Amino acid sequence: MDLKGLKTALGENDPGAAMHALASRLYPLCRSITGNGVRQTLGILKETLPLTLSEVPTGTQVLDWTVPREWNIRDAYIKDSRGNRVVDFQAHNLHVVGYSVPVHAKMRLEELRPRLHSLPDKPDFIPYRNSFYKDDWGFCLTHKQLLALKDDEYEVRIDSALTDGNLTYGEITLPGTSREEILISCHVCHPSLANDNLSGIAVAQHLARYLSKVPHLYTYRMLFLPVTIGAITWLARNENDLGRVRHGLVLSLLGDSGPMTFKRSRKGDAAVDRAAAHVLKHAGKGGRVEDFIPYGYDERQFCSPGFDLPVGCLMRTPHGRFPEYHTSGDNLAFIKPENLEDSLATCLAILEVLEHDGVFVNLNPKGEPQLGRRGLYRAMADRTDGDWNEMSMLWALNLGDGKHSLLDVAERSGLPFGNIFRATEALRACGLMASADGLEKHNRENGK
Ligand code: ZN
């Protein structure tokens with residue numbers, strides 16, 4: 001399970017470009033936590049994925065929350081007295097405060113001014129604002145635009161609708177040989193913001209397409225959710241099945257040029273926390289691991305104490321730590337194909353560790369076994385990729401006491417997980433090691 005395998009399985013030479021192209025297609029849609037923008041987004045994903053869409057009616061009780069009214073918008077503008085659209089939703093959907101109630105009025109600048117949001121310290125960016133859970137309206141504009149507004153009478157129009165409807169989310173289950181699950185989730189509720197939602201969607205879409213084509217141990221449950229209320233809705237409806245979740249990743253902010261960041265699960269030492277730290281360390285690209293805090297993306301919900309799922313968050317530069325965050329500067333030029341590809345490769349490397357980790361036992365534990373006699377040195381020399389070596393075999397054998405998993409061996413030896421895994425495979429092939437599960441079964445069957 002790696003980038004090379006993905007390219008072969010998908011017949012795609014440049015997954016970075018393909019992910020960027022998907023983000024470009026989704027970019028213009030005006031998404032929010034409910035409404036047609038989310039439906040259109042999931043509809044595009046459905047062209048390539050066996051996605052199941054759920055529609056949950058307004059007013060449905062979900063944990064401590066209630067599914068809100070559905071929000072849709074057709075148009076919005078501020079027109080000056082000569083009829084020019086000085087702020088135009090058609091030019092950029094960030095111009096309207098998300099979930100704005102409909103409005104049509106004439107007002108002087110003075111009266112309109114408290115409804116206008118800009119960023120004086122970033123005068124070229126339109127801010128991203130919402131009013132999800134209270135009836136309000138407003139416009140967002142660049143500070144330069146705001147300063148250019150003259151004292152005039154303006155026509156203000158927001159042609160939106162807040163109606164009883166549904167909350168929409170998408171889900172795919174990709175069965176593995178085990179019913180135990182890896183949960184992968186991304187958010188689909190931000191309008192024209194590229195790093196903050198489209199990068200995660202693009203990486204998740206590629207993962208799902210790949211995982212549907214190759215065999216894997218775990219069953220993958222992939223979620224495309226409106227942030228917070230979507231995750232809470234999904235958790236409320238799937239509470240009885242959460243016992244199957246063994247590992248999880250929230251994907252977000254995967255296209256910027258910063259190094260990878262992994263935010264640990266609330267548990268802090270779950271297998272996914274250790275696997276991600278191991279992968280980032282051995283990638284040698286300055287990746288960072290941070291502790292859990294109850295703020296951020298939907299790991300907040302998955303890691304709430306009543307669920308406490310082993311779910312971490314994979315990103316590049318964390319939210320709020322780059323100037324383009326939640327502004328029109330988070331656009332398609334801000335996310336780069338090569339960064340999307342590196343994020344996808346990192347994600348696959350973490351899944352590879354989770355898929356292959358296990359406990360293996362040295363069947364010849366008294367003294368070192370003679371490796372040369374079994375052709376292992378020759379097999380090693382035949383490999384040109386330096387995938388595994390004598391040290392990895394010696395570590396695998398030495399810690400093959402039934403108490404250490406392959407990830408334990410990798411951590412203690414300082415060697416990459418892949419080396420330990422492949423060394424163990426070679427040792428299994430010549431009968432020197434066996435899976436602890438398999439051995440238990442063997443011993444049981446032979447009455448030992
Ligand atoms: Zn955001």
# chains A, B, ... in the order shown; residues from 1 in each chain; ligands from 1
>>> residues_near_ligand(ligand="ligand 1", cutoff="8 Å", atoms="only C-alpha atoms and all ligand atoms", output="PyMOL selection string")
chain A and resi 190+196-197+297+319+325-326
>>> closest_atom_pairs(of="region 150-259 of chain A", to="region 67-75 of chain A", cutoff="7 Å", atoms="only C-alpha atoms", output="tab-separated table")
residue	atom	partner	partner_atom	distance
A:Ile158	CA	A:Asp75	CA	6.3
A:Asp159	CA	A:Asp75	CA	5.2
A:Ser160	CA	A:Ile73	CA	4.0
A:Ala161	CA	A:Asn72	CA	5.3
A:Leu162	CA	A:Trp71	CA	4.7
A:Thr163	CA	A:Arg69	CA	5.3
A:Asp164	CA	A:Arg69	CA	5.0
A:Gly165	CA	A:Glu70	CA	5.1
A:Asn166	CA	A:Glu70	CA	5.9
A:Leu167	CA	A:Val67	CA	6.7
>>> write_last_selection(atoms="N, CA, C and O atoms", output="PDB file, in the first residue's frame")
ATOM      1  N   ILE A 158     -29.761  39.745  -0.293  1.00  0.00           N
ATOM      2  CA  ILE A 158     -29.292  38.361  -0.125  1.00  0.00           C
ATOM      3  C   ILE A 158     -30.481  37.472  -0.466  1.00  0.00           C
ATOM      4  O   ILE A 158     -31.501  37.476   0.241  1.00  0.00           O
ATOM      5  N   ASP A 159     -30.352  36.760  -1.573  1.00  0.00           N
ATOM      6  CA  ASP A 159     -31.445  35.904  -2.041  1.00  0.00           C
ATOM      7  C   ASP A 159     -31.168  34.483  -1.547  1.00  0.00           C
ATOM      8  O   ASP A 159     -30.720  33.619  -2.295  1.00  0.00           O
ATOM      9  N   SER A 160     -31.390  34.299  -0.259  1.00  0.00           N
ATOM     10  CA  SER A 160     -31.126  32.999   0.365  1.00  0.00           C
ATOM     11  C   SER A 160     -32.431  32.436   0.914  1.00  0.00           C
ATOM     12  O   SER A 160     -33.445  33.138   0.962  1.00  0.00           O
ATOM     13  N   ALA A 161     -32.391  31.180   1.325  1.00  0.00           N
ATOM     14  CA  ALA A 161     -33.567  30.559   1.929  1.00  0.00           C
ATOM     15  C   ALA A 161     -33.117  29.660   3.068  1.00  0.00           C
ATOM     16  O   ALA A 161     -32.171  28.887   2.928  1.00  0.00           O
ATOM     17  N   LEU A 162     -33.782  29.819   4.200  1.00  0.00           N
ATOM     18  CA  LEU A 162     -33.564  28.938   5.349  1.00  0.00           C
ATOM     19  C   LEU A 162     -34.861  28.180   5.547  1.00  0.00           C
ATOM     20  O   LEU A 162     -35.873  28.766   5.946  1.00  0.00           O
ATOM     21  N   THR A 163     -34.835  26.892   5.233  1.00  0.00           N
ATOM     22  CA  THR A 163     -36.093  26.136   5.226  1.00  0.00           C
ATOM     23  C   THR A 163     -35.914  24.790   5.921  1.00  0.00           C
ATOM     24  O   THR A 163     -34.785  24.307   6.079  1.00  0.00           O
ATOM     25  N   ASP A 164     -37.015  24.202   6.308  1.00  0.00           N
ATOM     26  CA  ASP A 164     -36.949  22.830   6.808  1.00  0.00           C
ATOM     27  C   ASP A 164     -36.508  21.948   5.650  1.00  0.00           C
ATOM     28  O   ASP A 164     -37.119  21.959   4.582  1.00  0.00           O
ATOM     29  N   GLY A 165     -35.431  21.240   5.828  1.00  0.00           N
ATOM     30  CA  GLY A 165     -34.887  20.404   4.757  1.00  0.00           C
ATOM     31  C   GLY A 165     -34.105  19.273   5.376  1.00  0.00           C
ATOM     32  O   GLY A 165     -34.630  18.576   6.254  1.00  0.00           O
ATOM     33  N   ASN A 166     -32.846  19.139   4.973  1.00  0.00           N
ATOM     34  CA  ASN A 166     -32.035  18.031   5.467  1.00  0.00           C
ATOM     35  C   ASN A 166     -30.589  18.447   5.659  1.00  0.00           C
ATOM     36  O   ASN A 166     -30.129  19.414   5.060  1.00  0.00           O
ATOM     37  N   LEU A 167     -29.896  17.651   6.467  1.00  0.00           N
ATOM     38  CA  LEU A 167     -28.441  17.707   6.528  1.00  0.00           C
ATOM     39  C   LEU A 167     -27.946  16.518   5.714  1.00  0.00           C
ATOM     40  O   LEU A 167     -28.460  15.404   5.860  1.00  0.00           O
TER      41      LEU A 167
END
>>> select_by_dssp(residues="region 55-296 of chain A", states="alpha helix (DSSP H)", output="PyMOL selection string")
chain A and resi 109-112+143-148+200-211+229-237+271-283
>>> select_by_dssp(residues="region 203-418 of chain A", states="strand (DSSP E or B)", output="VMD selection string")
chain A and resid 219 to 225 245 to 251 261 to 263 288 to 290 311 to 315 327 359 to 362 401 to 405
>>> closest_residue(among="A:Leu207, A:Leu53, A:Val188, A:Leu26", to="Ile229 (chain A)", atoms="only C-alpha atoms")
A:Val188
>>> closest_atom_pairs(of="region 107-213 of chain A", to="region 85-103 of chain A", cutoff="8 Å", atoms="only C-alpha atoms", output="tab-separated table")
residue	atom	partner	partner_atom	distance
A:Ile126	CA	A:Leu94	CA	6.7
A:Pro127	CA	A:Leu94	CA	7.0
A:Tyr128	CA	A:Leu94	CA	5.7
A:Arg129	CA	A:Val97	CA	5.1
A:Asn130	CA	A:Gly98	CA	4.2
A:Ser131	CA	A:Tyr99	CA	5.5
A:Phe132	CA	A:Tyr99	CA	5.6
A:Asp135	CA	A:Val101	CA	6.2
A:Asp136	CA	A:Ser100	CA	5.6
A:Trp137	CA	A:Ser100	CA	4.1
A:Gly138	CA	A:Val97	CA	5.2
A:Phe139	CA	A:Val96	CA	4.6
A:Cys140	CA	A:His95	CA	4.5
A:Leu141	CA	A:His95	CA	5.8
A:Val156	CA	A:Val103	CA	7.1
A:Arg157	CA	A:Val103	CA	5.4
A:Ile158	CA	A:Pro102	CA	5.0
A:Asp159	CA	A:Pro102	CA	5.5
A:Ser160	CA	A:Pro102	CA	4.9
A:Ala161	CA	A:Pro102	CA	6.4
A:Leu162	CA	A:Val101	CA	6.8
A:Pro191	CA	A:Asn93	CA	6.8
A:Ser192	CA	A:Asn93	CA	6.6
>>> write_last_selection(atoms="C-alpha atoms", output="JSON list (two decimals), in the first residue's frame")
[["chain", "number", "residue", "atom", "x", "y", "z"],
["A", 126, "ILE", "CA", -11.94, 38.35, 1.80],
["A", 127, "PRO", "CA", -12.60, 36.75, 5.21],
["A", 128, "TYR", "CA", -14.71, 33.60, 5.66],
["A", 129, "ARG", "CA", -17.56, 34.12, 8.15],
["A", 130, "ASN", "CA", -20.63, 32.18, 9.21],
["A", 131, "SER", "CA", -23.69, 32.68, 11.31],
["A", 132, "PHE", "CA", -24.73, 29.04, 11.69],
["A", 135, "ASP", "CA", -30.37, 34.42, 12.50],
["A", 136, "ASP", "CA", -28.14, 37.13, 11.09],
["A", 137, "TRP", "CA", -26.80, 38.42, 7.80],
["A", 138, "GLY", "CA", -23.71, 40.17, 6.52],
["A", 139, "PHE", "CA", -21.15, 40.60, 3.78],
["A", 140, "CYS", "CA", -17.41, 39.96, 3.69],
["A", 141, "LEU", "CA", -15.09, 41.98, 1.48],
["A", 156, "VAL", "CA", -28.54, 45.26, -0.31],
["A", 157, "ARG", "CA", -29.86, 41.89, -1.41],
["A", 158, "ILE", "CA", -29.29, 38.36, -0.13],
["A", 159, "ASP", "CA", -31.44, 35.90, -2.04],
["A", 160, "SER", "CA", -31.13, 33.00, 0.36],
["A", 161, "ALA", "CA", -33.57, 30.56, 1.93],
["A", 162, "LEU", "CA", -33.56, 28.94, 5.35],
["A", 191, "PRO", "CA", -17.34, 27.21, 0.36],
["A", 192, "SER", "CA", -14.50, 28.33, -1.95]]
>>> atom_distance(atom1="CA of Val361 (chain A)", atom2="CA of Gly268 (chain A)")
27.5 Å
>>> residues_around(residues="Ala231 (chain A)", least_positions_apart="4", cutoff="10 Å", atoms="only C-alpha atoms", output="ChimeraX atom specification")
/A:62,169,185-187,223-227,235-237,297-302
>>> residues_around(residues="Leu112 (chain A)", least_positions_apart="4", cutoff="10 Å", atoms="only C-alpha atoms", output="compact mmCIF listing (two decimals) with N, CA and C atoms, in the first residue's frame")
# COMPACT_ATOMS: atom_id res chain seq x y z
N ILE A 78 -24.28 43.95 -3.12
CA ILE A 78 -24.49 45.33 -2.64
C ILE A 78 -24.33 46.20 -3.89
N LYS A 106 -32.74 49.04 1.24
CA LYS A 106 -31.87 50.15 0.84
C LYS A 106 -31.37 50.80 2.11
N MET A 107 -30.08 51.09 2.14
CA MET A 107 -29.54 51.74 3.35
C MET A 107 -28.29 52.54 3.04
N ARG A 108 -28.05 53.55 3.89
CA ARG A 108 -26.85 54.36 3.78
C ARG A 108 -25.67 53.52 4.27
N LEU A 116 -20.60 44.70 7.52
CA LEU A 116 -19.49 44.45 6.60
C LEU A 116 -18.25 43.99 7.36
N GLY A 138 -24.84 39.28 6.68
CA GLY A 138 -23.71 40.17 6.52
C GLY A 138 -22.95 39.86 5.25
N PHE A 139 -22.02 40.76 4.96
CA PHE A 139 -21.15 40.60 3.78
C PHE A 139 -19.69 40.64 4.22
N GLU A 153 -26.34 55.68 -1.03
CA GLU A 153 -27.42 54.77 -0.65
C GLU A 153 -27.22 53.47 -1.42
N TYR A 154 -27.19 52.37 -0.69
CA TYR A 154 -26.90 51.07 -1.30
C TYR A 154 -28.14 50.17 -1.29
N GLU A 155 -28.26 49.39 -2.36
CA GLU A 155 -29.28 48.34 -2.38
C GLU A 155 -28.59 47.06 -1.93
N VAL A 156 -29.14 46.45 -0.90
CA VAL A 156 -28.54 45.26 -0.31
C VAL A 156 -29.49 44.09 -0.54
>>> closest_residue(among="A:Ser265, A:Leu147, A:Phe125, A:His278", to="Ile293 (chain A)", atoms="only C-alpha atoms")
A:Ser265
>>> residues_around(residues="Ala410 (chain A)", least_positions_apart="2", cutoff="9 Å", atoms="only C-alpha atoms", output="list in words")
His278, Ser392, Trp395, Ala396, Ser405, Leu406, Leu407, Asp408, Arg412, Ser413, Gly414, Leu415, Pro416, Phe417, Gly418, Asn419, Ile420 and Phe421 of chain A
>>> decode(residues="region 306-410 of chain A", atoms="C-alpha atoms", output="PDB file, in the first residue's frame")
ATOM      1  CA  GLY A 306     -18.163   9.357  25.670  1.00  0.00           C
ATOM      2  CA  PHE A 307     -16.606   7.906  22.507  1.00  0.00           C
ATOM      3  CA  ASP A 308     -12.831   8.391  22.993  1.00  0.00           C
ATOM      4  CA  LEU A 309     -12.056   6.811  19.631  1.00  0.00           C
ATOM      5  CA  PRO A 310      -8.402   6.390  18.598  1.00  0.00           C
ATOM      6  CA  VAL A 311      -8.662   9.091  15.919  1.00  0.00           C
ATOM      7  CA  GLY A 312      -5.871  11.561  15.150  1.00  0.00           C
ATOM      8  CA  CYS A 313      -5.757  14.411  12.671  1.00  0.00           C
ATOM      9  CA  LEU A 314      -3.378  14.551   9.728  1.00  0.00           C
ATOM     10  CA  MET A 315      -2.632  17.949   8.217  1.00  0.00           C
ATOM     11  CA  ARG A 316       0.243  20.062   6.968  1.00  0.00           C
ATOM     12  CA  THR A 317       0.230  23.553   8.548  1.00  0.00           C
ATOM     13  CA  PRO A 318      -2.418  23.541  11.306  1.00  0.00           C
ATOM     14  CA  HIS A 319      -5.491  25.823  11.155  1.00  0.00           C
ATOM     15  CA  GLY A 320      -4.909  29.419  12.106  1.00  0.00           C
ATOM     16  CA  ARG A 321      -1.152  29.183  11.594  1.00  0.00           C
ATOM     17  CA  PHE A 322      -0.997  30.406   7.989  1.00  0.00           C
ATOM     18  CA  PRO A 323      -2.167  33.873   6.921  1.00  0.00           C
ATOM     19  CA  GLU A 324      -4.445  32.530   4.157  1.00  0.00           C
ATOM     20  CA  TYR A 325      -6.477  30.461   6.675  1.00  0.00           C
ATOM     21  CA  HIS A 326     -10.230  31.172   6.415  1.00  0.00           C
ATOM     22  CA  THR A 327      -9.728  33.822   3.729  1.00  0.00           C
ATOM     23  CA  SER A 328      -9.921  34.057  -0.052  1.00  0.00           C
ATOM     24  CA  GLY A 329      -6.120  33.585   0.015  1.00  0.00           C
ATOM     25  CA  ASP A 330      -6.821  29.876   0.624  1.00  0.00           C
ATOM     26  CA  ASN A 331      -7.405  29.367  -3.078  1.00  0.00           C
ATOM     27  CA  LEU A 332      -6.359  26.893  -5.786  1.00  0.00           C
ATOM     28  CA  ALA A 333      -2.925  28.515  -6.176  1.00  0.00           C
ATOM     29  CA  PHE A 334      -2.296  28.037  -2.461  1.00  0.00           C
ATOM     30  CA  ILE A 335      -2.550  24.229  -2.718  1.00  0.00           C
ATOM     31  CA  LYS A 336       0.102  22.485  -4.805  1.00  0.00           C
ATOM     32  CA  PRO A 337      -0.161  19.109  -6.576  1.00  0.00           C
ATOM     33  CA  GLU A 338       3.187  17.989  -5.121  1.00  0.00           C
ATOM     34  CA  ASN A 339       1.996  18.746  -1.573  1.00  0.00           C
ATOM     35  CA  LEU A 340      -1.245  16.845  -2.124  1.00  0.00           C
ATOM     36  CA  GLU A 341       0.784  13.902  -3.409  1.00  0.00           C
ATOM     37  CA  ASP A 342       3.163  14.009  -0.426  1.00  0.00           C
ATOM     38  CA  SER A 343       0.172  14.084   1.944  1.00  0.00           C
ATOM     39  CA  LEU A 344      -1.398  11.112   0.170  1.00  0.00           C
ATOM     40  CA  ALA A 345       1.909   9.192   0.390  1.00  0.00           C
ATOM     41  CA  THR A 346       2.151   9.970   4.121  1.00  0.00           C
ATOM     42  CA  CYS A 347      -1.388   8.789   4.671  1.00  0.00           C
ATOM     43  CA  LEU A 348      -0.671   5.537   2.814  1.00  0.00           C
ATOM     44  CA  ALA A 349       2.523   4.996   4.836  1.00  0.00           C
ATOM     45  CA  ILE A 350       0.553   5.323   8.094  1.00  0.00           C
ATOM     46  CA  LEU A 351      -2.109   2.892   6.833  1.00  0.00           C
ATOM     47  CA  GLU A 352       0.632   0.492   5.713  1.00  0.00           C
ATOM     48  CA  VAL A 353       1.954   0.339   9.297  1.00  0.00           C
ATOM     49  CA  LEU A 354      -1.550  -0.224  10.712  1.00  0.00           C
ATOM     50  CA  GLU A 355      -2.328  -2.882   8.098  1.00  0.00           C
ATOM     51  CA  HIS A 356       0.881  -4.881   8.657  1.00  0.00           C
ATOM     52  CA  ASP A 357       1.542  -4.473  12.360  1.00  0.00           C
ATOM     53  CA  GLY A 358       1.272  -7.673  14.362  1.00  0.00           C
ATOM     54  CA  VAL A 359       3.094  -9.901  16.830  1.00  0.00           C
ATOM     55  CA  PHE A 360       5.473 -12.518  15.419  1.00  0.00           C
ATOM     56  CA  VAL A 361       7.408 -15.163  17.278  1.00  0.00           C
ATOM     57  CA  ASN A 362      10.962 -16.427  16.792  1.00  0.00           C
ATOM     58  CA  LEU A 363      10.663 -20.210  16.460  1.00  0.00           C
ATOM     59  CA  ASN A 364      14.382 -20.719  17.163  1.00  0.00           C
ATOM     60  CA  PRO A 365      14.877 -18.469  20.196  1.00  0.00           C
ATOM     61  CA  LYS A 366      17.828 -20.257  21.813  1.00  0.00           C
ATOM     62  CA  GLY A 367      20.937 -18.654  20.336  1.00  0.00           C
ATOM     63  CA  GLU A 368      20.825 -16.939  16.975  1.00  0.00           C
ATOM     64  CA  PRO A 369      19.615 -19.114  14.145  1.00  0.00           C
ATOM     65  CA  GLN A 370      22.081 -19.651  11.326  1.00  0.00           C
ATOM     66  CA  LEU A 371      20.877 -17.274   8.653  1.00  0.00           C
ATOM     67  CA  GLY A 372      23.372 -18.243   5.934  1.00  0.00           C
ATOM     68  CA  ARG A 373      22.259 -21.863   5.913  1.00  0.00           C
ATOM     69  CA  ARG A 374      18.727 -20.722   5.085  1.00  0.00           C
ATOM     70  CA  GLY A 375      19.762 -18.567   2.141  1.00  0.00           C
ATOM     71  CA  LEU A 376      18.801 -15.309   3.850  1.00  0.00           C
ATOM     72  CA  TYR A 377      22.054 -13.480   3.092  1.00  0.00           C
ATOM     73  CA  ARG A 378      21.734 -14.434  -0.547  1.00  0.00           C
ATOM     74  CA  ALA A 379      18.118 -13.267  -0.645  1.00  0.00           C
ATOM     75  CA  MET A 380      19.165  -9.997   0.977  1.00  0.00           C
ATOM     76  CA  ALA A 381      22.001  -9.451  -1.502  1.00  0.00           C
ATOM     77  CA  ASP A 382      19.625 -10.071  -4.396  1.00  0.00           C
ATOM     78  CA  ARG A 383      17.559  -7.073  -3.372  1.00  0.00           C
ATOM     79  CA  THR A 384      18.733  -3.834  -4.857  1.00  0.00           C
ATOM     80  CA  ASP A 385      16.386  -1.492  -3.014  1.00  0.00           C
ATOM     81  CA  GLY A 386      17.992  -1.923   0.417  1.00  0.00           C
ATOM     82  CA  ASP A 387      14.565  -2.755   1.754  1.00  0.00           C
ATOM     83  CA  TRP A 388      15.789  -4.882   4.649  1.00  0.00           C
ATOM     84  CA  ASN A 389      19.112  -5.937   6.011  1.00  0.00           C
ATOM     85  CA  GLU A 390      20.827  -8.125   8.577  1.00  0.00           C
ATOM     86  CA  MET A 391      20.120  -5.683  11.411  1.00  0.00           C
ATOM     87  CA  SER A 392      16.399  -5.738  10.750  1.00  0.00           C
ATOM     88  CA  MET A 393      16.414  -9.556  10.779  1.00  0.00           C
ATOM     89  CA  LEU A 394      18.408  -9.644  14.019  1.00  0.00           C
ATOM     90  CA  TRP A 395      16.022  -7.178  15.679  1.00  0.00           C
ATOM     91  CA  ALA A 396      12.942  -9.049  14.449  1.00  0.00           C
ATOM     92  CA  LEU A 397      14.347 -12.329  15.788  1.00  0.00           C
ATOM     93  CA  ASN A 398      15.533 -10.863  19.079  1.00  0.00           C
ATOM     94  CA  LEU A 399      12.269  -9.133  19.918  1.00  0.00           C
ATOM     95  CA  GLY A 400      10.235 -11.997  18.475  1.00  0.00           C
ATOM     96  CA  ASP A 401       9.316 -13.174  21.961  1.00  0.00           C
ATOM     97  CA  GLY A 402       5.552 -12.828  21.573  1.00  0.00           C
ATOM     98  CA  LYS A 403       5.553  -9.598  23.574  1.00  0.00           C
ATOM     99  CA  HIS A 404       6.571  -7.115  20.865  1.00  0.00           C
ATOM    100  CA  SER A 405       4.703  -6.040  17.777  1.00  0.00           C
ATOM    101  CA  LEU A 406       6.530  -5.102  14.589  1.00  0.00           C
ATOM    102  CA  LEU A 407       5.988  -1.423  15.427  1.00  0.00           C
ATOM    103  CA  ASP A 408       7.586  -2.041  18.843  1.00  0.00           C
ATOM    104  CA  VAL A 409      10.567  -3.602  17.048  1.00  0.00           C
ATOM    105  CA  ALA A 410      10.786  -0.683  14.613  1.00  0.00           C
TER     106      ALA A 410
END
